[in-house]
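Visitor: Here it is, the structure in full.
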Amino acid sequence: MKFLLILQGDTGADLCRDAFEHTAREAGELVGGELLADAQLAITVPDRARAVSIDAYYLIDVETPARAVELAHLLPDTRAPGRSVEIRAVMHSTAVDF
């Protein structure tokens with residue numbers, strides 16, 4: 001099962017996420033991830049106020065939703081004030097036909 005871990009909050013894009021990356025990579029569960037540019041550079045269509053700033057994401061492929069939660073707890077964002085990790089199931093891959 002693939003899950004997107006969405007890292008969001010007011011501050012902390014520079015948090016050290018080495019423990020998560022090492023554990024998920026060694027287990028073969030880390031598909032990818034990226035830091036995002038500052039939210040002030042984002043373009044929203046239609047232009048509406050954003051409720052929460054998303055500054056990074058990871059895509060993981062794990063056996064169970066419980067494992068996704070376990071990996072998410074390795075991220076310092078789950079312990080930092082004003083930060084959180086949203087875990088969203090990926091319903092299907094978009095480029096499988098190419």
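Going by the structure tokens order, chains are called A, B, ..., each with residues numbered from 1, while ligands are numbered from 1 in the order shown.
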Skipping near chain neighbours, those fewer than 6 positions away, what residues fall within 6 Å of region 47-64 of chain A using only C-alpha atoms, listed as a list in words?

Guide: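 The contact residues come out as Met1, Lys2, Phe3, Leu4, Leu5, Ile6, Leu7, Gln8, Gly9, Glu29, Leu30, Val31, Gly32, Gly33, Glu34, Leu35 and Leu36 of chain A.
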
Visitor: Nearest to Ala27 (chain A): which of A:Arg67, A:His92, A:His73, A:Arg79 is it, counting only C-alpha atoms?

Guide: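 With only C-alpha atoms as the atom set, the closest residue is A:Arg67.
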
Visitor: Among chain A, which ones does DSSP assign to helix (DSSP H, G or I) (computed from the backbone)? Answer as a list in words.

Guide: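 Restricting chain A to helix (DSSP H, G or I) produces Asp18, Ala19, Phe20, Glu21, His22, Thr23, Ala24, Arg25, Glu26, Ala39, Gln40, Leu41, Pro65, Ala66, Arg67, Ala68, Val69, Glu70, Leu71, Ala72, Pro76, Asp77 and Thr78 of chain A.
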
Visitor: What lies within 8 Å of Ala72 (chain A) using only C-alpha atoms, ignoring chain neighbours under 3 positions off, as a PDB file with N, CA and C atoms, in the first residue's frame?

Guide:
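The result, stored in around-v1.pdb:
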```pdb
ATOM      1  N   LEU A   5       3.075  10.876   3.005  1.00  0.00           N
ATOM      2  CA  LEU A   5       3.238  11.538   4.293  1.00  0.00           C
ATOM      3  C   LEU A   5       3.432  13.011   3.995  1.00  0.00           C
ATOM      4  N   PHE A  20      14.084   8.738  10.041  1.00  0.00           N
ATOM      5  CA  PHE A  20      13.007   8.258   9.190  1.00  0.00           C
ATOM      6  C   PHE A  20      13.555   7.770   7.856  1.00  0.00           C
ATOM      7  N   ALA A  68       2.647   2.621   8.194  1.00  0.00           N
ATOM      8  CA  ALA A  68       2.740   4.015   7.760  1.00  0.00           C
ATOM      9  C   ALA A  68       2.742   4.940   8.975  1.00  0.00           C
ATOM     10  N   VAL A  69       1.902   4.656   9.943  1.00  0.00           N
ATOM     11  CA  VAL A  69       1.842   5.456  11.167  1.00  0.00           C
ATOM     12  C   VAL A  69       3.146   5.306  11.948  1.00  0.00           C
ATOM     13  N   LEU A  75       9.348  10.822  12.213  1.00  0.00           N
ATOM     14  CA  LEU A  75       9.579  12.180  11.733  1.00  0.00           C
ATOM     15  C   LEU A  75       9.498  13.170  12.898  1.00  0.00           C
ATOM     16  N   THR A  78       6.267  15.262  13.949  1.00  0.00           N
ATOM     17  CA  THR A  78       5.182  14.794  14.814  1.00  0.00           C
ATOM     18  C   THR A  78       5.352  15.259  16.251  1.00  0.00           C
ATOM     19  N   VAL A  85       2.091  15.646  10.612  1.00  0.00           N
ATOM     20  CA  VAL A  85       2.265  14.790   9.442  1.00  0.00           C
ATOM     21  C   VAL A  85       0.904  14.198   9.121  1.00  0.00           C
ATOM     22  N   ILE A  87      -1.175  11.558   6.921  1.00  0.00           N
ATOM     23  CA  ILE A  87      -0.937  10.299   6.221  1.00  0.00           C
ATOM     24  C   ILE A  87      -2.129  10.045   5.312  1.00  0.00           C
TER      25      ILE A  87
END
```

Visitor: Mind the document's chain letters and residue numbers, and return as a ChimeraX atom specification the residues of chain A that DSSP labels strand (DSSP E or B).

Guide: /A:2-9,30-35,54-61,83-89

Visitor: Would you please work out which residue, of A:Ala42, A:Ala80, A:Leu74, A:Pro65, is nearest to Ala24 (chain A) when using only C-alpha atoms?

Guide: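 Once distances to Ala24 (chain A) are computed over only C-alpha atoms, the minimum belongs to A:Leu74.
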
Visitor: Just checking: using only C-alpha atoms, which residue out of A:Gly28, A:Asp18, A:Thr23, A:Val45 ends up closest to Glu70 (chain A)?

Guide: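 Result for the nearest residue to Glu70 (chain A): A:Thr23.
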